[in-house]
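Text of start-v8.tsv, listed as TSV, C-alpha atoms:
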chain	number	residue	atom	x	y	z
R	6	MET	CA	50.86	78.06	86.41
R	7	LEU	CA	49.71	75.82	83.56
R	8	GLU	CA	51.39	72.47	83.39
R	9	VAL	CA	52.20	70.20	80.48
R	10	GLY	CA	49.29	67.85	80.00
R	11	SER	CA	46.69	70.26	81.33
R	12	ARG	CA	44.01	71.79	79.16
R	13	ALA	CA	44.46	75.40	78.12
R	14	PHE	CA	41.45	77.46	79.15
R	15	GLU	CA	39.48	79.40	76.61
R	16	PHE	CA	40.11	83.14	76.45
R	17	SER	CA	39.54	86.07	74.11
R	18	LEU	CA	41.68	89.15	73.63
R	19	GLU	CA	41.64	92.10	71.31
R	20	GLY	CA	44.38	92.12	68.70
R	21	ILE	CA	45.60	94.46	66.01
R	22	GLY	CA	42.79	96.56	64.60
R	23	GLY	CA	40.64	95.92	67.64
R	24	LYS	CA	39.62	92.47	66.37
R	25	LYS	CA	38.72	90.02	69.10
R	26	ARG	CA	40.31	86.56	68.76
R	27	SER	CA	39.64	83.52	70.90
R	28	LEU	CA	41.91	80.57	71.48
R	29	SER	CA	39.19	78.31	70.10
R	30	ASP	CA	39.35	80.19	66.75
R	31	PHE	CA	42.55	78.26	66.14
R	32	ARG	CA	41.26	74.76	67.02
R	33	GLY	CA	42.93	72.27	64.69
R	34	ASN	CA	46.17	74.27	64.68
R	35	TRP	CA	49.10	74.33	67.00
R	36	VAL	CA	49.10	77.65	68.87
R	37	VAL	CA	52.19	79.33	70.32
R	38	LEU	CA	51.35	81.81	73.06
R	39	PHE	CA	54.25	84.22	73.17
R	40	PHE	CA	54.23	86.34	76.29
R	41	TYR	CA	56.56	89.33	76.52
R	42	PRO	CA	56.98	92.12	79.06
R	43	LYS	CA	56.43	95.43	77.24
R	44	ASP	CA	55.93	96.91	73.82
R	45	GLY	CA	58.57	99.22	72.42
R	46	THR	CA	61.57	97.44	73.91
R	47	LYS	CA	64.50	95.71	72.22
R	48	SER	CA	64.18	92.29	73.79
V	7	MET	CA	38.44	101.00	96.39
V	8	GLU	CA	37.64	103.94	94.22
V	9	ALA	CA	39.02	107.20	95.46
V	10	LYS	CA	36.91	110.30	95.53
V	11	ARG	CA	37.40	112.28	92.38
V	12	ILE	CA	39.79	115.17	92.75
V	13	ALA	CA	38.06	118.55	92.94
V	14	THR	CA	39.00	122.18	93.01
V	15	GLY	CA	40.17	123.23	96.44
V	16	ASP	CA	41.91	119.89	97.12
V	17	ILE	CA	45.62	119.78	97.81
V	18	LEU	CA	47.30	117.24	95.62
V	19	ASP	CA	49.63	114.78	97.32
V	20	ASP	CA	53.08	114.70	95.84
V	21	PHE	CA	53.79	111.91	93.37
V	22	SER	CA	56.61	110.80	91.14
V	23	LEU	CA	56.41	109.07	87.75
V	24	LYS	CA	58.88	108.20	85.02
V	25	ASP	CA	58.75	110.26	81.86
V	26	GLN	CA	59.33	108.98	78.33
V	27	ASP	CA	63.10	109.42	78.78
V	28	LYS	CA	63.14	107.37	82.03
V	29	GLY	CA	63.62	110.57	84.00
V	30	ASP	CA	61.95	111.04	87.38
V	31	TRP	CA	59.18	113.57	87.20
V	32	ARG	CA	58.09	114.76	90.62
V	33	LEU	CA	55.18	117.12	91.15
V	34	SER	CA	56.76	118.90	94.10
V	35	SER	CA	59.82	119.84	92.07
V	36	PHE	CA	57.54	122.23	90.18
V	37	ARG	CA	56.39	124.14	93.26
V	38	GLY	CA	56.24	127.79	92.30
V	39	LYS	CA	54.82	126.89	88.91
V	40	ARG	CA	51.38	125.82	87.83
V	41	VAL	CA	51.17	122.26	86.57
V	42	LEU	CA	48.62	121.00	84.07
V	43	LEU	CA	48.11	117.25	84.44
V	44	SER	CA	46.59	116.10	81.18
V	45	PHE	CA	45.27	112.57	81.61
V	46	HIS	CA	44.38	110.47	78.59
V	47	PRO	CA	43.31	106.84	78.10
V	48	LEU	CA	45.92	105.17	75.90
V	49	ALA	CA	48.99	105.89	73.82
V	50	TRP	CA	48.80	105.33	70.06
V	51	THR	CA	45.20	106.42	69.72
V	52	GLN	CA	43.96	109.34	67.69
V	53	VAL	CA	42.36	111.68	70.21
V	54	CYS	CA	45.11	111.08	72.75
V	55	ALA	CA	47.72	111.86	70.10
V	56	ASP	CA	45.99	115.14	69.28
V	57	GLN	CA	45.69	115.95	72.98
V	58	MET	CA	49.47	115.57	73.40
V	59	ARG	CA	50.30	117.42	70.17
V	60	CYS	CA	48.20	120.38	71.26
V	61	LEU	CA	50.12	120.58	74.54
V	62	GLU	CA	53.45	120.37	72.73
V	63	ARG	CA	52.35	122.98	70.23
V	64	ASP	CA	51.43	125.46	72.97
V	65	MET	CA	54.52	124.96	75.15
V	66	ASP	CA	55.57	128.59	74.64
V	67	VAL	CA	52.14	129.79	75.72
V	68	PHE	CA	52.25	127.63	78.84
V	69	GLU	CA	55.75	128.81	79.62
V	70	SER	CA	54.68	132.44	79.37
V	71	LEU	CA	51.96	131.62	81.90
V	72	ASN	CA	54.36	129.94	84.35
V	73	THR	CA	52.68	126.60	83.67
V	74	VAL	CA	54.16	123.17	83.00
V	75	PRO	CA	51.87	120.76	81.12
V	76	VAL	CA	52.41	116.98	81.24
V	77	GLY	CA	50.62	114.07	79.67
V	78	ILE	CA	49.74	111.05	81.83
V	79	SER	CA	48.46	107.60	80.89
V	80	ILE	CA	48.82	104.03	82.14
V	81	ASP	CA	51.21	103.09	79.33
V	82	SER	CA	54.75	101.96	80.13
V	83	VAL	CA	57.95	103.97	79.64
V	84	PRO	CA	59.12	102.12	76.48
V	85	CYS	CA	55.68	102.60	74.99
V	86	LYS	CA	55.66	106.30	75.90
V	87	SER	CA	59.14	106.68	74.52
V	88	ALA	CA	58.24	105.15	71.14
V	89	TRP	CA	55.05	107.18	71.03
V	90	ALA	CA	56.87	110.44	71.88
V	91	ASN	CA	59.22	109.80	68.95
V	92	ASP	CA	56.31	109.07	66.68
V	93	LEU	CA	54.56	112.28	67.76
V	94	GLY	CA	57.77	114.26	67.38
V	95	LEU	CA	57.60	115.58	70.94
V	96	GLY	CA	60.48	117.86	71.86
V	97	ARG	CA	59.61	119.50	75.16
V	98	LEU	CA	56.47	117.92	76.50
V	99	LYS	CA	56.97	115.19	79.07
V	100	ILE	CA	54.57	112.28	78.95
V	101	LEU	CA	54.46	110.24	82.12
V	102	ALA	CA	54.01	106.51	82.60
V	103	ASP	CA	51.41	105.77	85.28
V	104	PHE	CA	52.16	102.14	84.60
V	105	TRP	CA	53.02	100.43	87.87
V	106	PRO	CA	51.37	100.18	90.28
V	107	HIS	CA	48.86	100.22	87.47
V	108	GLY	CA	47.22	103.63	87.19
V	109	LYS	CA	48.17	104.53	90.77
V	110	VAL	CA	48.14	108.28	90.20
V	111	SER	CA	44.90	108.29	88.25
V	112	LYS	CA	43.36	106.04	90.91
V	113	ASP	CA	44.47	108.37	93.68
V	114	LEU	CA	42.81	111.24	91.85
V	115	GLY	CA	39.63	109.24	91.26
V	116	LEU	CA	40.17	109.38	87.52
V	117	PHE	CA	40.70	105.67	86.85
V	118	ARG	CA	38.09	103.73	84.85
V	119	GLU	CA	38.00	100.36	86.58
V	120	LYS	CA	36.05	98.60	83.86
V	121	ASP	CA	38.45	99.76	81.15
V	122	GLY	CA	41.77	99.65	82.98
V	123	PHE	CA	42.76	103.14	81.92
V	124	SER	CA	42.14	106.69	83.05
V	125	GLU	CA	39.55	109.24	82.11
V	126	ARG	CA	40.44	111.95	79.68
V	127	ALA	CA	40.88	114.91	82.01
V	128	ASN	CA	42.75	118.10	82.70
V	129	VAL	CA	43.73	118.94	86.25
V	130	LEU	CA	45.41	122.25	86.95
V	131	VAL	CA	47.48	122.56	90.10
V	132	ASP	CA	48.59	125.98	91.24
V	133	GLU	CA	51.98	127.11	92.50
V	134	GLN	CA	51.29	125.76	95.99
V	135	GLY	CA	49.86	122.40	94.96
V	136	LEU	CA	46.21	123.48	95.20
V	137	VAL	CA	43.85	122.06	92.58
V	138	VAL	CA	42.22	125.00	90.82
V	139	PHE	CA	40.68	123.40	87.72
V	140	VAL	CA	39.31	119.93	86.98
V	141	LYS	CA	37.57	118.89	83.82
V	142	VAL	CA	36.73	115.37	82.69
V	143	TYR	CA	35.91	114.98	79.01
V	144	PRO	CA	33.92	112.34	77.15
V	145	LEU	CA	36.46	109.79	75.86
V	146	PRO	CA	36.02	110.62	72.14
V	147	GLN	CA	36.34	114.37	72.74
V	148	LEU	CA	39.53	116.34	72.29
V	149	PRO	CA	39.89	118.60	75.35
V	150	ASP	CA	39.29	122.26	74.65
V	151	LEU	CA	42.76	123.53	75.45
V	152	LYS	CA	41.70	127.06	74.60
V	153	GLU	CA	39.37	126.97	77.57
V	154	VAL	CA	42.13	125.75	79.86
V	155	VAL	CA	44.59	128.36	78.62
V	156	ALA	CA	41.98	131.11	79.02
V	157	PHE	CA	41.46	129.98	82.60
V	158	ILE	CA	45.19	129.99	83.34
V	159	ARG	CA	45.58	133.34	81.64
V	160	GLU	CA	42.94	134.86	83.88
V	161	LEU	CA	44.67	133.50	86.97
V	162	HIS	CA	48.00	134.65	85.70
V	163	HIS	CA	46.85	138.17	84.89
V	164	SER	CA	45.21	138.62	88.24
V	165	GLU	CA	48.60	137.80	89.77
V	166	VAL	CA	50.88	139.54	87.31
V	167	GLN	CA	49.19	142.86	86.58
V	168	GLY	CA	50.03	144.45	83.29
V	169	ASN	CA	51.68	141.39	81.84
V	170	VAL	CA	49.76	140.92	78.61
V	171	ALA	CA	50.31	137.47	77.19
V	172	THR	CA	50.35	137.02	73.46
V	173	GLU	CA	47.45	135.39	71.67
V	174	HIS	CA	49.40	133.31	69.20
V	175	CYS	CA	48.89	129.56	68.81
V	176	VAL	CA	45.89	129.21	71.04
V	177	VAL	CA	43.38	130.56	68.55
V	178	ASP	CA	44.23	127.72	66.18
V	179	LEU	CA	42.56	125.28	68.48
V	180	GLN	CA	39.07	126.59	67.95
V	181	GLY	CA	37.03	124.45	65.61
V	182	ASN	CA	40.06	122.52	64.55
V	183	PRO	CA	40.44	119.37	66.58
V	184	LEU	CA	43.22	118.03	64.38
V	185	CYS	CA	45.82	120.56	65.27
V	186	MET	CA	48.43	118.81	63.15
V	187	GLY	CA	46.25	119.73	60.21
V	188	ASP	CA	47.40	123.32	60.11
V	189	SER	CA	51.12	123.35	60.16
V	190	LYS	CA	51.66	127.09	59.64
V	191	ASN	CA	51.17	128.32	63.15
V	192	THR	CA	51.57	125.27	65.28
V	193	GLY	CA	55.05	125.79	66.56
V	194	ILE	CA	55.66	122.06	66.27
V	195	GLN	CA	58.51	122.52	63.84
V	196	SER	CA	60.19	125.14	65.93
V	197	THR	CA	59.94	123.09	69.11
V	198	SER	CA	61.35	119.96	67.49
V	199	GLU	CA	64.31	121.99	66.26
V	200	ARG	CA	64.89	123.26	69.72
V	201	HIS	CA	64.93	119.79	71.29
V	202	LEU	CA	65.98	120.73	74.79
V	203	ASP	CA	66.81	117.32	76.20

Rewritten as structure tokens:
Amino acid sequence: MLEVGSRAFEFSLEGIGGKKRSLSDFRGNWVVLFFYPKDGTKS
Amino acid sequence: MEAKRIATGDILDDFSLKDQDKGDWRLSSFRGKRVLLSFHPLAWTQVCADQMRCLERDMDVFESLNTVPVGISIDSVPCKSAWANDLGLGRLKILADFWPHGKVSKDLGLFREKDGFSERANVLVDEQGLVVFVKVYPLPQLPDLKEVVAFIRELHHSEVQGNVATEHCVVDLQGNPLCMGDSKNTGIQSTSERHLD
């Protein structure tokens, strides 16, 4: 698991509308990576 | 390890998956009926939606032919549940082949490793669990359900002599891939009113 102080590795994923975004697209900004289990659930 | 693709003449091993209502759906509990396993890549996509709507629309036809159709994809139960609501499904069960990821489609050799989802395919299993029809479609192509129904009808009539099934609904499929487009004869309204579960 990533630890505080380590460098996040670069990755790309497809988002809404099939648009591919990379972590490096947001360089210069703080980025919150919000992981969640499944779509379509309450929590 | 990629399994050998399922073929006619194979006996399908029993399997159990959750449906959109978290119910257990087990193949062997439908022994004595034909089962149409309708695999599709992903929920919330156009062709897959039409594939499921066509099955829902023709539920009466399938019932008259002693056949139970089900949709199957790698999507999770909550996703299938939300999608079923969005599609207005009333009778059709759509199964979550979610975890182990794509296990059923892998076992049938219908999993696309590079994509992480299954082929678009129809697999017909007869009353004893024997595979009698397999067709894999190009991903962008809506399966020709008319062809599948015609096949089942032929089987059915060779077993049940003199039982002439009605021709309603099925003809709408020809040349009209967007079956939601013609609302007159689709049976979608009537099935949603019925809402059996």

Length of the atom CA of Glu8 of chain R to atom CA of Phe40 of chain R vector [Å]: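 Atom CA of Phe40 of chain R lies at a distance of 15.8 Å from atom CA of Glu8 of chain R.
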
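Among the candidates V:Ser44, V:Ser70, V:Thr51, V:Ser164, the one nearest to chain R when counting only C-alpha atoms is V:Thr51.
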
Near-segment 28-30 of chain R list (12 Å; all atoms listed in the file; drop same-chain fewer than 3 positions) as a ChimeraX atom specification: /R:12-19,25,33-38

Taking all atoms listed in the file into account, find every residue of chain V that has an atom no more than 7 Å from chain R, and write it out as an mmCIF file with C-alpha atoms, keeping the file's coordinate frame.
data_model
loop_
_atom_site.group_PDB
_atom_site.id
_atom_site.type_symbol
_atom_site.label_atom_id
_atom_site.label_comp_id
_atom_site.auth_asym_id
_atom_site.auth_seq_id
_atom_site.Cartn_x
_atom_site.Cartn_y
_atom_site.Cartn_z
ATOM 1 C CA PRO V 84 59.120 102.120 76.480
ATOM 2 C CA CYS V 85 55.680 102.600 74.990
ATOM 3 C CA ALA V 88 58.240 105.150 71.140
#

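If you look at atom CA of Val137 of chain V and atom CA of Gln26 of chain V, they are 24.8 Å away from each other.
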
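Between atom CA of Val131 of chain V and atom CA of Asp150 of chain V the interatomic distance comes to 17.5 Å.
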
Using all atoms listed in the file: which of V:Lys152, V:His162, V:Lys109, V:Lys120 has the shortest distance to Leu71 of chain V: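 Selected residue with least distance to Leu71 of chain V: V:His162.
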
8 Å contact set for Ala102 of chain V, all atoms listed in the file, chain neighbours under 4 positions out, as a PyMOL selection string: chain V and resi 23-26+78-83+86

With 3 Å added on each side, what axis-aligned box encloses every listed atom of segment 75-83 of chain V? Give the centre and edge lengths in Å to one decimal, as AutoDock Vina command-line options.
--center_x 53.2 --center_y 111.4 --center_z 80.7 --size_x 15.5 --size_y 24.8 --size_z 8.8

Arg118 of chain V environment, 12 Å, all atoms listed in the file, sequence neighbours closer than 3 positions dropped, as a PyMOL selection string: chain V and resi 7-9+11+45-48+79-80+107-109+111-115+121-127+142+145

How about saving the chosen residues, C-alpha atoms kept, as a compact mmCIF listing (two decimals), keeping the file's coordinate frame?
# COMPACT_ATOMS: atom_id res chain seq x y z
CA MET V 7 38.44 101.00 96.39
CA GLU V 8 37.64 103.94 94.22
CA ALA V 9 39.02 107.20 95.46
CA ARG V 11 37.40 112.28 92.38
CA PHE V 45 45.27 112.57 81.61
CA HIS V 46 44.38 110.47 78.59
CA PRO V 47 43.31 106.84 78.10
CA LEU V 48 45.92 105.17 75.90
CA SER V 79 48.46 107.60 80.89
CA ILE V 80 48.82 104.03 82.14
CA HIS V 107 48.86 100.22 87.47
CA GLY V 108 47.22 103.63 87.19
CA LYS V 109 48.17 104.53 90.77
CA SER V 111 44.90 108.29 88.25
CA LYS V 112 43.36 106.04 90.91
CA ASP V 113 44.47 108.37 93.68
CA LEU V 114 42.81 111.24 91.85
CA GLY V 115 39.63 109.24 91.26
CA ASP V 121 38.45 99.76 81.15
CA GLY V 122 41.77 99.65 82.98
CA PHE V 123 42.76 103.14 81.92
CA SER V 124 42.14 106.69 83.05
CA GLU V 125 39.55 109.24 82.11
CA ARG V 126 40.44 111.95 79.68
CA ALA V 127 40.88 114.91 82.01
CA VAL V 142 36.73 115.37 82.69
CA LEU V 145 36.46 109.79 75.86
